[in-house]
Each structure stands twice: as C-alpha cells, then as structure tokens.
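Novice: File query-v1.cif below, mmCIF, C-alpha atoms:
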data_data
loop_
_atom_site.label_atom_id
_atom_site.label_comp_id
_atom_site.auth_asym_id
_atom_site.auth_seq_id
_atom_site.Cartn_x
_atom_site.Cartn_y
_atom_site.Cartn_z
CA LEU F 1 -13.96 58.26 -11.82
CA PRO F 2 -13.69 56.45 -15.19
CA GLU F 3 -17.49 56.30 -15.37
CA ARG F 4 -17.85 59.95 -14.49
CA PHE F 5 -15.60 61.00 -17.36
CA GLN F 6 -16.75 58.19 -19.65
CA LEU F 7 -13.22 56.94 -20.13
CA GLN F 8 -12.60 54.07 -22.51
CA VAL F 9 -9.53 52.22 -23.70
CA ARG F 10 -9.02 49.71 -26.49
CA ALA F 11 -7.73 46.49 -24.98
CA PRO F 12 -4.47 45.25 -26.54
CA THR F 13 -5.38 41.79 -27.88
CA THR F 14 -7.89 40.44 -25.42
CA ALA F 15 -10.92 41.48 -27.43
CA ASP F 16 -10.93 40.21 -31.02
CA ASP F 17 -13.52 42.69 -32.16
CA GLY F 18 -11.56 45.72 -30.85
CA GLU F 19 -14.15 46.79 -28.31
CA PHE F 20 -13.44 49.58 -25.91
CA GLN F 21 -13.25 48.73 -22.22
CA ARG F 22 -13.55 50.85 -19.15
CA PRO F 23 -10.13 51.42 -17.50
CA VAL F 24 -9.51 50.93 -13.80
CA ILE F 25 -7.89 53.87 -12.03
CA ILE F 26 -5.96 53.29 -8.84
CA HIS F 27 -5.19 56.48 -7.00
CA ARG F 28 -4.02 57.00 -3.45
CA ALA F 29 -2.98 60.44 -2.25
CA ILE F 30 -1.75 59.43 1.17
CA LEU F 31 1.82 60.61 0.64
CA GLY F 32 0.67 63.76 -1.11
CA SER F 33 -1.38 64.80 1.89
CA VAL F 34 1.46 63.97 4.27
CA GLU F 35 3.83 66.08 2.19
CA ARG F 36 1.38 68.99 2.23
CA MET F 37 1.03 68.71 6.01
CA ILE F 38 4.82 68.68 6.49
CA ALA F 39 5.09 71.74 4.23
CA ILE F 40 2.42 73.58 6.22
CA LEU F 41 4.12 72.73 9.52
CA THR F 42 7.54 73.72 8.21
CA GLU F 43 6.23 77.06 7.02
CA ASN F 44 4.33 77.63 10.26
CA PHE F 45 7.29 76.90 12.55
CA ALA F 46 9.86 78.45 10.16
CA GLY F 47 12.23 75.58 10.97
CA LYS F 48 12.02 76.16 14.72
CA TRP F 49 10.20 72.95 15.61
CA PRO F 50 8.87 72.43 19.12
CA LEU F 51 10.85 69.89 21.17
CA TRP F 52 8.35 67.04 20.79
CA LEU F 53 8.43 67.37 16.99
CA SER F 54 11.99 68.48 16.38
CA PRO F 55 14.48 66.30 14.52
CA ARG F 56 17.31 68.17 16.30
CA GLN F 57 16.51 68.31 19.98
CA VAL F 58 19.78 68.57 21.93
CA MET F 59 23.37 69.34 21.00
CA VAL F 60 26.06 68.58 23.56
CA VAL F 61 29.08 70.85 23.11
CA PRO F 62 32.27 69.98 25.01
CA VAL F 63 34.52 72.90 25.93
CA THR F 64 37.79 70.96 25.57
CA GLY F 65 38.99 67.54 24.53
CA VAL F 66 39.30 66.57 28.19
CA VAL F 67 35.52 66.32 28.51
CA TYR F 68 34.72 64.53 25.22
CA GLU F 69 34.06 61.32 27.11
CA TYR F 70 31.67 63.07 29.52
CA ALA F 71 29.90 64.78 26.59
CA GLU F 72 29.38 61.40 24.93
CA ARG F 73 28.05 59.98 28.20
CA VAL F 74 25.52 62.84 28.45
CA ARG F 75 24.49 62.18 24.84
CA GLN F 76 23.97 58.50 25.61
CA GLN F 77 21.83 59.38 28.65
CA LEU F 78 19.69 61.69 26.50
CA HIS F 79 19.39 59.05 23.79
CA ALA F 80 18.42 56.39 26.34
CA ALA F 81 15.69 58.74 27.58
CA GLY F 82 14.26 58.96 24.03
CA PHE F 83 15.75 62.22 22.81
CA TYR F 84 17.65 62.96 19.62
CA ALA F 85 21.04 64.22 20.75
CA ASP F 86 24.36 64.95 19.05
CA VAL F 87 27.87 65.75 20.28
CA ASP F 88 30.07 68.22 18.44
CA VAL F 89 33.64 66.96 18.86
CA GLY F 90 34.95 68.84 15.84
CA ALA F 91 38.02 71.06 15.73
CA ASP F 92 36.02 74.31 15.77
CA THR F 93 36.22 76.81 18.61
CA LEU F 94 33.62 76.75 21.36
CA ASN F 95 31.86 79.83 19.98
CA LYS F 96 31.75 78.30 16.47
CA LYS F 97 30.31 75.03 17.83
CA ILE F 98 27.58 76.92 19.69
CA ARG F 99 26.85 79.07 16.62
CA ASN F 100 26.61 75.99 14.39
CA ALA F 101 24.14 74.41 16.81
CA GLU F 102 22.09 77.62 16.86
CA LEU F 103 22.02 77.76 13.06
CA ALA F 104 20.95 74.10 12.93
CA GLN F 105 17.99 75.08 15.16
CA TYR F 106 18.69 72.68 18.03
CA ASN F 107 16.16 73.27 20.80
CA PHE F 108 18.76 72.97 23.56
CA ILE F 109 22.53 73.32 23.60
CA CYS F 110 24.30 71.69 26.54
CA VAL F 111 27.79 73.07 27.06
CA VAL F 112 29.94 70.81 29.22
CA GLY F 113 33.33 71.60 30.71
CA VAL F 114 35.47 70.35 33.56
CA GLN F 115 33.22 71.97 36.18
CA GLU F 116 30.10 70.33 34.71
CA LYS F 117 31.93 66.99 34.51
CA ASP F 118 32.92 67.18 38.19
CA GLU F 119 29.35 68.12 39.21
CA GLY F 120 27.61 65.71 36.81
CA SER F 121 25.70 68.63 35.34
CA VAL F 122 25.15 70.46 32.07
CA ASN F 123 25.09 74.14 31.17
CA VAL F 124 21.83 74.58 29.25
CA ARG F 125 21.14 77.15 26.55
CA CYS F 126 17.61 77.25 25.21
CA ARG F 127 16.86 78.37 21.65
CA ASP F 128 13.56 80.00 22.63
CA ASP F 129 14.76 81.68 25.84
CA VAL F 130 16.85 84.76 25.07
CA GLY F 131 17.94 84.98 28.72
CA THR F 132 19.92 81.73 28.49
CA LYS F 133 21.81 82.62 25.31
CA ALA F 134 24.80 84.09 27.17
CA LYS F 135 25.82 81.52 29.78
CA GLY F 136 22.78 79.45 30.52
CA GLN F 137 21.99 77.65 33.71
CA THR F 138 23.93 74.76 35.16
CA ILE F 139 21.67 71.96 36.31
CA PRO F 140 22.27 68.28 37.10
CA ALA F 141 22.09 66.11 33.97
CA GLY F 142 19.40 63.86 35.48
CA ALA F 143 17.20 66.84 36.37
CA PHE F 144 17.66 68.26 32.87
CA ILE F 145 16.55 64.98 31.30
CA GLU F 146 13.48 64.88 33.58
CA GLN F 147 12.58 68.46 32.62
CA LEU F 148 13.01 67.61 28.93
CA GLY F 149 10.71 64.60 29.39
CA ALA F 150 8.05 66.79 31.02
CA LEU F 151 8.37 69.37 28.24
CA LYS F 152 8.13 66.70 25.55
CA SER F 153 5.06 65.07 27.07
CA SER F 154 3.33 68.44 27.50
CA LYS F 155 3.53 69.00 23.71
CA SER F 156 4.27 72.66 24.35
CA LEU F 157 5.04 74.88 21.37
CA ASP F 158 7.67 76.75 23.40
CA SER F 159 10.93 74.99 24.17
CA LYS F 160 11.45 76.58 27.56
CA LEU F 161 12.27 74.45 30.55
CA VAL F 162 9.81 74.60 33.42
CA GLN F 163 11.53 74.95 36.76
#
Will you turn the file into structure tokens for me?

Specialist:
Amino acid sequence: LPERFQLQVRAPTTADDGEFQRPVIIHRAILGSVERMIAILTENFAGKWPLWLSPRQVMVVPVTGVVYEYAERVRQQLHAAGFYADVDVGADTLNKKIRNAELAQYNFICVVGVQEKDEGSVNVRCRDDVGTKAKGQTIPAGAFIEQLGALKSSKSLDSKLVQ
C-alpha cells in the first residue's frame, strides 16, 4: 500500500542527510469484519437469536420460595449439559418474572412449582411457539434437556422443541 500511494516519511535521526523512507503499514481488519458480521446477524435476527447462537437460552422461574432449590438444581443440570441458563429468584411476582424473561429474549422459560418438583419435570414456555405462551407443557427435566440438545445440534433457526 505505501508503494501504491508513493508514501514517504522523513526518518527522525537515523538518516543524517534527511532522506525520505518508505513507511511500513500494518493493518489487520479481523475484528472489524467480526463486528460487521455480528451487526448483520443482530439486525437479521432482531435480537431473537436461535438457540444454538443465543447468549440467553433458558430461564428457570420458580413459582415460590419453596422450590428455589429445585430451580437451582434444574439450572445446574442445564449448565452441565452445555446450555446457558439462569434462575430468577428475585422478589418479583411470577408474571413479572416471566415477562422479564420474555423481554430479555430467552429462548425457553421453565416455570417450576411444587408439582414440577415432585414429578422432576419443568413447565416449558417457548419464545417462538405462541401456543406455549399461556401454560406450556410439563415434561421431565431430562427429556427437556435431551430435546434442547437435539435442537441445538440441528442448528435450527426456530426454537421449537421437536416431540
């Protein structure tokens, strides 16, 4: 590039006669291209990332304080299986916790209560499946994790569980 534009620079004190020297240009645009790609993907998905690419995959929402321990256990199982999972143990109401998870664009919201704790299951709400927004489906936690693994490995753009 310096030759193409015939760039020259006067060296500080290395040349006694004040000759001009050709500069060396070091330019790497690796991060610039990565940033552009992230911007294109963000615009394309409008923040609703597919499961395999999402930074917020699963939110576990306990119904009451009685099941906080079970909610944390479900989160640990999801994390051990390679998923990004959070638990909302805040003081908000159940509806507010679910709404916050929806606004944060989590792919799946697992609501757990006493019934789910006794059964070892989770009540799953899917962001991309309007039919599960109301109550969702209760499935065993192990089966849910297997279905998530299959969905993640399929690299599907839809975050709907395959039965």

Novice: Run through the PyMOL selection byres ((chain F and resi 72) around 10) on the given coordinates and return the selected residues as a ChimeraX atom specification.

Specialist: /F:60-62,67-71,73-78,85-89

Novice: Just write the chosen residues, C-alpha atoms, as a short mmCIF file (atom, residue, chain, number, x, y, z; two decimals), keeping the file's coordinate frame.

Specialist:
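Dumped to out29.cif:
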data_model
loop_
_atom_site.label_atom_id
_atom_site.label_comp_id
_atom_site.auth_asym_id
_atom_site.auth_seq_id
_atom_site.Cartn_x
_atom_site.Cartn_y
_atom_site.Cartn_z
CA VAL F 60 26.06 68.58 23.56
CA VAL F 61 29.08 70.85 23.11
CA PRO F 62 32.27 69.98 25.01
CA VAL F 67 35.52 66.32 28.51
CA TYR F 68 34.72 64.53 25.22
CA GLU F 69 34.06 61.32 27.11
CA TYR F 70 31.67 63.07 29.52
CA ALA F 71 29.90 64.78 26.59
CA ARG F 73 28.05 59.98 28.20
CA VAL F 74 25.52 62.84 28.45
CA ARG F 75 24.49 62.18 24.84
CA GLN F 76 23.97 58.50 25.61
CA GLN F 77 21.83 59.38 28.65
CA LEU F 78 19.69 61.69 26.50
CA ALA F 85 21.04 64.22 20.75
CA ASP F 86 24.36 64.95 19.05
CA VAL F 87 27.87 65.75 20.28
CA ASP F 88 30.07 68.22 18.44
CA VAL F 89 33.64 66.96 18.86
#

Novice: Using all atoms listed in the file, pick whichever of F:Val34, F:Gln8, F:Val63, F:Gln57 has the shortest atom-to-atom distance to Ala101 of chain F.

Specialist: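 Among the listed residues, F:Gln57 lies closest to Ala101 of chain F.
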
Novice: Fewer than 3 positions away in the same chain doesn't count, so skip those; otherwise give me all residues within 10 Å of Glu102 of chain F, counting all atoms listed in the file, as number ranges by chain.

Specialist: F: 59, 96-99, 105-109, 125-127, 133

Novice: If you apply the PyMOL selection byres ((chain F and resi 141-158) around 7) to this file, what residues do you get, as a list of chain:residue names?

Specialist: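 Expected selection for the PyMOL selection byres ((chain F and resi 141-158) around 7) here is F:Pro50, F:Leu51, F:Trp52, F:Leu78, F:Gly120, F:Ser121, F:Val122, F:Asp128, F:Ile139, F:Pro140, F:Ser159, F:Lys160, F:Leu161, F:Val162.
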
Novice: For the atom pair atom CA of Cys110 of chain F and atom CA of Val66 of chain F, what is the interatomic distance in Å to one decimal place?

Specialist: 15.9 Å

Novice: If I take atom CA of Gln115 of chain F and atom CA of Leu94 of chain F, how far is one from the other in Å, to one decimal?

Specialist: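 Atom CA of Leu94 of chain F lies 15.6 Å from atom CA of Gln115 of chain F.
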
Novice: Report, in Å with one decimal, the straight-line distance from atom CA of Val111 of chain F to atom CA of Pro55 of chain F.

Specialist: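 Separation of atom CA of Val111 of chain F and atom CA of Pro55 of chain F: 19.5 Å.
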
Novice: Select, from F:Ala80, F:Glu35, F:Pro2, F:Thr42, the residue with the minimum atom-to-atom distance to Pro23 of chain F, counting all atoms listed in the file.

Specialist: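 Looking at the shortest contact to Pro23 of chain F, the residue is F:Pro2.
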
Novice: Between F:Val58, F:Ile38, F:Asn123, F:Val9, which is the closest to Gly82 of chain F once you count all atoms listed in the file?

Specialist: F:Val58

Novice: Choose the residue, out of F:Leu53, F:Glu116, F:Glu3, F:Leu103, that has the smallest atom-to-atom separation from Leu41 of chain F; count all atoms listed in the file.

Specialist: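 That would be F:Leu53, the residue with the smallest distance to Leu41 of chain F.
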